[in-house]
Each structure stands twice: as C-alpha cells, then as structure tokens.
Amino acid sequence: MNELIRRDFPILGRMVEGKPLCYLDNAATSQRPKKVVDAIVRYYLETNANVHRGVYKLSQEATDAFESVRSKVVRFLGAASEREIVFTKGTTEAINLIASSFGESNVGAADVIAVTRMEHHANFVPWQQLAKRKGARFEIIELTSDLRLDPKEVDRVLALKPKILAVSLLSNVTGVTNPVASLASRFKMVGTTIVVDAAQGIAHGEVELSRLGPIDFLAFSAHKLCGPTGVGVLWGRESVLSRMPPYQVGGNMITHVGDLDSEWNELPHKFEAGTPDIAGVIGLGAAIDYIETQGRTRIQEYEDRITAYVLERIVAIPGLRLLGPKDPHHRAPIFSVAIDGVHAHDLATFLDMRGISVRAGHHCAHPLMLRLGLPATCRASFSFYNTLEEADQLIEALMNAPQFFRRKNA
C-alpha cells in the first residue's frame, strides 16, 4: 500500500539532515497529495472568481465547484442534507460558532457545561469562557491512570444533567479513542446537547454520523485530512442549526437589509458570512476524493497495524514514559513520550537531527499536562503514508535517546 501512496506526496521525498524525511507530526497537520495541490492551483489558474454572486460563467463555475464539496461532505459523513454542512476556518472556529450561537442562546446560570480532561484547548476554552459569561457550572470529566475516561466520573457528571457535553473522538495527546456513541446515548437521555471534536478522529478510519449515536454537532479541519489549512467543517442537526442565531453578519448570510433590521439567509449560508476560502474548500473536496479512493476501511486497518507495531516496541524502551493505554484497541497511532530529566524540546531536536519530525510541547492541552505534572511531551503521530520502516527508525532513535542524554548531562 505504502510505496504507491508515498509517490502521491512529493514532500516525503525530501532529505532532512542528510537523511530521508521521516514525517511523524500528522496530529498537527497531515501532508497533502499532489492531487489536492493541483486542485487548488487549477482553481486559481482556470476558475478564479467569487462565488454565489456572479451571473457570469466563471463565477457560476466557481460556485458549482465550491458547492459540490458540500455534497461530498454530506456523503463522507453520512449527513442528511447539505443544509447541515457549514464551512468554517477550522475546528476551532466551528466550536466557537457553537458556543457563541447555540451556547449564548441556550445556557443559563443554572446549567452545567461538561468537558473531558483530555480536550484540546479548542474544545475546552470556548466552553470554559461561556460558563464564565453565563455563570454556569463548568465540570471536567477526569481520567483513569491510563488516561481514558473514568466511568465513575462519567456517571458523576451524567447525574448533573449537563446542558452541553463537549468531547473529542480521540485525544491529540495520547491517541485515546472515546466511546462517543455510548456517551451520546446516555447523555441524550438527560437532555444534553453533544458536541464532538473530530479534528483528530476524522483522519483515522470511518467517521460516520450513524455510528456516533445521537450527537448534535461535529467539527473537523481539512488539514488533518490531507487537505489545506484554514478550512473546516461544522456539521449540525438541521433542527438545531435552524434555531440558532448567526455567528457573524455580513455578505452572503443576508437576504435583505433594511434601515432598522435585516433578514438572514437560509441554512447553511446563514453561518457563512463574507467571502469564503474558495480554493481551500475545493482543496478539501479533492482531499475527500483522495481519501475515499484509498478506502477509509483500508486506511484504518493499516493504521491499526502501525499502532500495534509501535506500541509493542515503544513500551519496552527503558527510561521512556508513554502516555495513555497500552492496549492498541483503545488508541490511534499517536504516541506522546517523556524521559525523566530531558525536556521534550531537547528530545524533539535529538530526533530531528536524525531526520525524524515530531511535535514537542503541551499540544494545546494545558489542563491535561497540569494534571500529569508535565510541562510538555514529545509526540510522534503516524498517518497511512508512513511505513513500518519509519516506525523502526523512530524506535531505534528513542532507544538511543536516554543514553545520549545521560552522557550529555554527565
């Protein structure tokens, strides 16, 4: 599978520090196949015009290309209608849209907003700040020792009957996969609105709404899915979106402006003020086409293999601490590690000198890091274009790292 796929990603042929690039920072952003880049360039060279406004041919072609992506997303997620698909700048803007529109309209001082300890800042801070503005109670579902959701904590928060539950499909720090369908079914029984951050999950296997239970919102970013940066998707139930006020006002989301009042456009355009990133959305469409050509089930099976392969070897490295469960069935191919006495940035630099690109830092997860007592970790994250040979390259480097730093600090 890999050799043919890797040819589609020209950047993977680069050399770093005299060694072939081993790109393992896919949780931050994936690489883009040439077909995605070509689709973006083709728009600018052949179809560049604004959408939704022009009656001339070029504008109509641009509008058709742009809107066709909405139908691709409907198919990709198994959504009911294009009216449920809102284009945003990314997962962060999509969640802020929900918090600012739905949250401001529906949350009161007597309500509870719940998140998990593992959430990315983008699915933590908007709810934290909404709770502060509204005087609502902000609850955090804590984790077990292996950093999965604690069932007792889930029960505790469920008993509070929260107005909103915000949960990620999988952790960007540990790769832990959450039982979203089970959570959604249980919390919906007490009237909770469920918001799912799929920024990481969208890249690993099939993310279909029918499998996620009675959730109300789901958000993801194109750049985690081999698409361009600056583009994302918010899916929301039409019955919920239709009752929500606009997030921003301006061009395209308006049907009429009077001196004293205005009328909003229909869904989904009510939430898409201003000129969108047309080329970016077209790039997202090309990325979806590419992923579907490779086969999402096939991708998941291959990544499951990588997860098990790396996990078996990484847990055996002396002096290395791996965050998260050791059971490959409970995680995706995202591995955060730490070495006592070694800063994560130093470890990442050590790996970079060997051509291995990883991420070091708090991974926009301060609440999780504070609970773990760590300032940062070093994270290696795999995609379907990574190879088992690259996994071996990472493992060999990590095996040598503790001894290297002991000598260096001696």
# chains A, B, ... in the order shown; residues from 1 in each chain; ligands from 1
>>> residues_around(residues="range 382-385 of chain A", least_positions_apart="2", cutoff="9 Å", atoms="only C-alpha atoms", output="list of chain:residue names")
A:Met1, A:Asn2, A:Glu3, A:Ile5, A:Arg6, A:Phe9, A:Tyr23, A:Leu24, A:Asp25, A:Asn26, A:Ala27, A:Ser30, A:Ala203, A:His204, A:Ile299, A:Gln300, A:Tyr302, A:Glu303, A:Ile306, A:Thr307, A:Ala332, A:Pro333, A:Ile334, A:Phe335, A:Ala380, A:Thr387, A:Ala391
>>> closest_atom_pairs(of="range 251-336 of chain A", to="range 39-42 of chain A", cutoff="10 Å", atoms="only C-alpha atoms", output="CSV")
residue,atom,partner,partner_atom,distance
A:Ile278,CA,A:Ile40,CA,9.0
A:Ala279,CA,A:Ile40,CA,5.3
A:Gly280,CA,A:Ile40,CA,6.9
A:Val281,CA,A:Ile40,CA,8.9
A:Ile282,CA,A:Ile40,CA,6.5
A:Gly283,CA,A:Ile40,CA,5.5
A:Leu284,CA,A:Ile40,CA,9.3
A:Gly285,CA,A:Ala39,CA,8.9
A:Ala286,CA,A:Ala39,CA,6.6
A:Ala287,CA,A:Ala39,CA,9.4
>>> write_last_selection(atoms="C-alpha atoms", output="PDB file, in the first residue's frame")
ATOM      1  CA  ILE A 278     -12.988  29.065  -2.069  1.00  0.00           C
ATOM      2  CA  ALA A 279      -9.742  27.407  -3.112  1.00  0.00           C
ATOM      3  CA  GLY A 280      -9.415  25.825   0.320  1.00  0.00           C
ATOM      4  CA  VAL A 281     -12.873  24.294   0.176  1.00  0.00           C
ATOM      5  CA  ILE A 282     -12.132  22.949  -3.304  1.00  0.00           C
ATOM      6  CA  GLY A 283      -8.925  21.502  -1.853  1.00  0.00           C
ATOM      7  CA  LEU A 284     -10.975  19.850   0.889  1.00  0.00           C
ATOM      8  CA  GLY A 285     -13.148  18.274  -1.788  1.00  0.00           C
ATOM      9  CA  ALA A 286     -10.067  16.922  -3.551  1.00  0.00           C
ATOM     10  CA  ALA A 287      -8.777  15.536  -0.234  1.00  0.00           C
TER      11      ALA A 287
END
>>> select_by_dssp(residues="range 221-321 of chain A", states="helix (DSSP H, G or I)", output="PyMOL selection string")
chain A and resi 222-224+238-241+269-271+278-294+296-314
>>> atom_distance(atom1="CA of Arg406 in chain A", atom2="CA of Ile339 in chain A")
10.8 Å
>>> closest_residue(among="A:Pro33, A:Pro268, A:Pro228, A:Gly295", to="Asp8 in chain A", atoms="only C-alpha atoms")
A:Pro33
>>> residues_around(residues="Phe405 in chain A", least_positions_apart="5", cutoff="12 Å", atoms="only C-alpha atoms", output="list of chain:residue names")
A:Gly319, A:Ile339, A:Asp340, A:Gly341, A:Val342, A:His343, A:Ala344, A:Asp346, A:Leu347, A:Thr349, A:Phe350, A:Leu398, A:Met399, A:Asn400, A:Ala410
>>> select_by_dssp(residues="range 107-145 of chain A", states="strand (DSSP E or B)", output="ChimeraX atom specification")
/A:112-116,137-141,143
>>> atom_distance(atom1="CA of Phe102 in chain A", atom2="CA of Pro245 in chain A")
7.6 Å
>>> residues_around(residues="range 358-369 of chain A", least_positions_apart="6", cutoff="12 Å", atoms="only C-alpha atoms", output="short mmCIF file (atom, residue, chain, number, x, y, z; two decimals) with C-alpha atoms, in the first residue's frame")
data_model
loop_
_atom_site.label_atom_id
_atom_site.label_comp_id
_atom_site.auth_asym_id
_atom_site.auth_seq_id
_atom_site.Cartn_x
_atom_site.Cartn_y
_atom_site.Cartn_z
CA LEU A 21 12.36 12.85 5.83
CA CYS A 22 10.50 10.79 8.42
CA TYR A 23 7.42 12.93 8.99
CA LEU A 24 5.67 11.97 12.22
CA ASP A 25 3.75 15.14 13.09
CA ASN A 26 0.48 14.21 11.45
CA ALA A 27 -1.58 15.06 14.54
CA ALA A 28 -0.54 18.68 13.99
CA THR A 29 -1.10 18.64 10.25
CA THR A 92 -11.59 25.94 16.41
CA VAL A 115 -15.90 18.67 29.01
CA THR A 116 -13.25 15.97 29.45
CA ARG A 117 -9.77 16.41 30.89
CA MET A 118 -8.22 15.33 27.59
CA GLU A 119 -9.77 18.06 25.41
CA HIS A 120 -7.74 20.27 23.10
CA HIS A 121 -7.98 23.93 24.07
CA ALA A 122 -10.33 24.46 21.12
CA ASN A 123 -12.92 22.20 22.78
CA PHE A 124 -12.18 23.35 26.33
CA VAL A 125 -11.69 27.11 26.45
CA GLN A 128 -14.97 27.43 29.96
CA ILE A 140 -14.43 18.34 33.90
CA ILE A 141 -14.71 14.58 33.45
CA GLU A 142 -11.48 13.17 34.89
CA LEU A 143 -9.42 10.27 33.57
CA LEU A 147 -5.74 8.41 30.62
CA ARG A 148 -9.05 7.03 29.42
CA SER A 171 -7.10 12.67 22.10
CA ASN A 172 -4.49 14.64 20.19
CA VAL A 173 -2.01 13.92 23.02
CA THR A 174 -2.46 10.22 23.74
CA LEU A 323 1.21 8.41 28.00
CA GLY A 324 -2.05 6.56 27.53
CA ILE A 334 -0.42 8.92 18.31
CA PHE A 335 2.34 8.43 20.88
CA SER A 336 3.37 11.02 23.48
CA VAL A 337 6.51 10.15 25.42
CA ALA A 338 8.69 11.66 28.12
CA VAL A 342 15.04 15.53 29.48
CA HIS A 343 12.95 18.40 28.14
CA ALA A 344 10.60 17.44 25.33
CA HIS A 345 12.10 20.09 23.05
CA ASP A 346 15.57 18.59 23.51
CA LEU A 347 14.24 15.14 22.68
CA ALA A 348 12.49 16.51 19.57
CA THR A 349 15.74 18.18 18.48
CA PHE A 350 17.58 14.89 19.01
CA LEU A 351 15.05 13.18 16.72
CA ASP A 352 15.15 15.97 14.15
CA PRO A 375 5.41 20.83 31.16
CA ALA A 376 5.48 19.12 27.77
CA THR A 377 5.82 15.81 25.96
CA CYS A 378 7.33 14.65 22.70
CA ARG A 379 4.66 13.34 20.33
CA ALA A 380 5.05 11.11 17.29
CA SER A 381 1.91 10.68 15.20
CA PHE A 382 1.52 8.44 12.17
CA LEU A 394 11.67 6.19 15.50
CA LEU A 398 14.14 6.58 21.13
#
>>> closest_residue(among="A:Lys134, A:Arg331, A:Arg156, A:His269", to="Gln200 in chain A", atoms="only C-alpha atoms")
A:Arg331
>>> residues_around(residues="Pro179 in chain A", least_positions_apart="6", cutoff="9 Å", atoms="only C-alpha atoms", output="NGL selection string")
:A and (149 or 169 or 212)
>>> closest_residue(among="A:Val257, A:Ala79, A:Ala159, A:Ala166", to="Met189 in chain A", atoms="only C-alpha atoms")
A:Ala159
>>> residues_around(residues="Asp289 in chain A", least_positions_apart="5", cutoff="12 Å", atoms="only C-alpha atoms", output="PyMOL selection string")
chain A and resi 33+35-36+39+68-69+71-73+75-76+225-227+282-284+294-296
>>> residues_around(residues="Gly135 in chain A", least_positions_apart="5", cutoff="8 Å", atoms="only C-alpha atoms", output="short mmCIF file (atom, residue, chain, number, x, y, z; two decimals) with N, CA and C atoms, in the first residue's frame")
data_model
loop_
_atom_site.label_atom_id
_atom_site.label_comp_id
_atom_site.auth_asym_id
_atom_site.auth_seq_id
_atom_site.Cartn_x
_atom_site.Cartn_y
_atom_site.Cartn_z
N GLY A 108 -27.89 28.90 30.68
CA GLY A 108 -28.19 29.86 31.75
C GLY A 108 -27.37 29.58 32.99
N ALA A 109 -27.56 30.40 34.01
CA ALA A 109 -26.77 30.30 35.23
C ALA A 109 -27.02 28.99 35.98
N ALA A 110 -28.16 28.38 35.77
CA ALA A 110 -28.47 27.14 36.48
C ALA A 110 -27.96 25.90 35.77
#
>>> atom_distance(atom1="CA of Thr47 in chain A", atom2="CA of Leu267 in chain A")
25.4 Å
>>> closest_residue(among="A:Ser239, A:Arg211, A:Val112, A:Lys152", to="Thr192 in chain A", atoms="only C-alpha atoms")
A:Val112
>>> decode(residues="range 344-385 of chain A", atoms="N, CA and C atoms", output="short mmCIF file (atom, residue, chain, number, x, y, z; two decimals), in the first residue's frame")
data_model
loop_
_atom_site.label_atom_id
_atom_site.label_comp_id
_atom_site.auth_asym_id
_atom_site.auth_seq_id
_atom_site.Cartn_x
_atom_site.Cartn_y
_atom_site.Cartn_z
N ALA A 344 11.18 17.95 26.58
CA ALA A 344 10.60 17.44 25.33
C ALA A 344 11.20 18.11 24.11
N HIS A 345 11.52 19.40 24.20
CA HIS A 345 12.10 20.09 23.05
C HIS A 345 13.49 19.55 22.72
N ASP A 346 14.25 19.18 23.76
CA ASP A 346 15.57 18.59 23.51
C ASP A 346 15.43 17.23 22.84
N LEU A 347 14.46 16.45 23.29
CA LEU A 347 14.24 15.14 22.68
C LEU A 347 13.80 15.30 21.22
N ALA A 348 12.92 16.28 20.95
CA ALA A 348 12.49 16.51 19.57
C ALA A 348 13.65 16.95 18.69
N THR A 349 14.56 17.76 19.24
CA THR A 349 15.74 18.18 18.48
C THR A 349 16.64 16.99 18.19
N PHE A 350 16.81 16.12 19.18
CA PHE A 350 17.58 14.89 19.01
C PHE A 350 17.01 14.06 17.86
N LEU A 351 15.69 13.95 17.80
CA LEU A 351 15.05 13.18 16.72
C LEU A 351 15.18 13.89 15.38
N ASP A 352 15.04 15.21 15.39
CA ASP A 352 15.15 15.97 14.15
C ASP A 352 16.53 15.81 13.52
N MET A 353 17.57 15.72 14.34
CA MET A 353 18.93 15.52 13.83
C MET A 353 19.06 14.18 13.11
N ARG A 354 18.11 13.31 13.35
CA ARG A 354 18.08 12.00 12.69
C ARG A 354 17.01 11.93 11.62
N GLY A 355 16.51 13.11 11.20
CA GLY A 355 15.54 13.18 10.11
C GLY A 355 14.12 12.90 10.50
N ILE A 356 13.84 12.81 11.82
CA ILE A 356 12.51 12.45 12.29
C ILE A 356 11.79 13.69 12.80
N SER A 357 10.69 14.04 12.18
CA SER A 357 9.93 15.24 12.53
C SER A 357 8.79 14.88 13.48
N VAL A 358 8.88 15.37 14.73
CA VAL A 358 7.84 15.14 15.72
C VAL A 358 7.47 16.47 16.35
N ARG A 359 6.45 16.47 17.19
CA ARG A 359 6.00 17.68 17.87
C ARG A 359 6.37 17.61 19.35
N ALA A 360 6.87 18.73 19.88
CA ALA A 360 7.16 18.82 21.31
C ALA A 360 6.42 20.01 21.88
N GLY A 361 5.85 19.85 23.07
CA GLY A 361 5.14 20.93 23.71
C GLY A 361 3.98 20.42 24.53
N HIS A 362 3.04 21.31 24.84
CA HIS A 362 1.87 20.91 25.62
C HIS A 362 0.71 20.50 24.73
N HIS A 363 0.88 20.63 23.40
CA HIS A 363 -0.10 20.15 22.42
C HIS A 363 -1.48 20.77 22.61
N CYS A 364 -1.50 22.03 23.04
CA CYS A 364 -2.76 22.74 23.29
C CYS A 364 -3.65 21.93 24.23
N ALA A 365 -3.02 21.39 25.27
CA ALA A 365 -3.77 20.59 26.25
C ALA A 365 -3.23 20.87 27.64
N HIS A 366 -3.18 22.15 28.00
CA HIS A 366 -2.68 22.55 29.32
C HIS A 366 -3.38 21.82 30.47
N PRO A 367 -4.72 21.72 30.46
CA PRO A 367 -5.38 21.05 31.59
C PRO A 367 -4.91 19.61 31.80
N LEU A 368 -4.65 18.89 30.70
CA LEU A 368 -4.15 17.53 30.82
C LEU A 368 -2.72 17.52 31.34
N MET A 369 -1.86 18.39 30.81
CA MET A 369 -0.47 18.44 31.23
C MET A 369 -0.36 18.82 32.71
N LEU A 370 -1.18 19.76 33.15
CA LEU A 370 -1.15 20.16 34.55
C LEU A 370 -1.51 18.99 35.46
N ARG A 371 -2.50 18.22 35.05
CA ARG A 371 -2.91 17.06 35.85
C ARG A 371 -1.81 16.00 35.88
N LEU A 372 -1.04 15.87 34.79
CA LEU A 372 0.04 14.88 34.72
C LEU A 372 1.33 15.38 35.35
N GLY A 373 1.39 16.68 35.64
CA GLY A 373 2.62 17.23 36.21
C GLY A 373 3.74 17.32 35.22
N LEU A 374 3.40 17.49 33.93
CA LEU A 374 4.42 17.58 32.87
C LEU A 374 4.32 18.93 32.18
N PRO A 375 5.46 19.59 31.92
CA PRO A 375 5.41 20.83 31.16
C PRO A 375 5.17 20.60 29.68
N ALA A 376 5.58 19.41 29.20
CA ALA A 376 5.48 19.12 27.77
C ALA A 376 5.79 17.64 27.55
N THR A 377 5.42 17.15 26.38
CA THR A 377 5.82 15.81 25.96
C THR A 377 6.29 15.87 24.51
N CYS A 378 6.90 14.80 24.09
CA CYS A 378 7.33 14.65 22.70
C CYS A 378 6.36 13.68 22.03
N ARG A 379 5.74 14.11 20.95
CA ARG A 379 4.66 13.34 20.33
C ARG A 379 5.01 12.92 18.90
N ALA A 380 4.92 11.64 18.65
CA ALA A 380 5.05 11.11 17.29
C ALA A 380 3.69 10.61 16.85
N SER A 381 3.24 11.06 15.68
CA SER A 381 1.91 10.68 15.20
C SER A 381 2.00 10.24 13.75
N PHE A 382 1.41 9.09 13.47
CA PHE A 382 1.52 8.44 12.17
C PHE A 382 0.27 8.66 11.31
N SER A 383 0.48 8.56 10.02
CA SER A 383 -0.62 8.56 9.05
C SER A 383 -0.49 7.33 8.16
N PHE A 384 -1.43 7.17 7.25
CA PHE A 384 -1.44 5.98 6.40
C PHE A 384 -0.31 5.95 5.40
N TYR A 385 0.37 7.08 5.18
CA TYR A 385 1.51 7.08 4.26
C TYR A 385 2.83 6.82 4.96
#
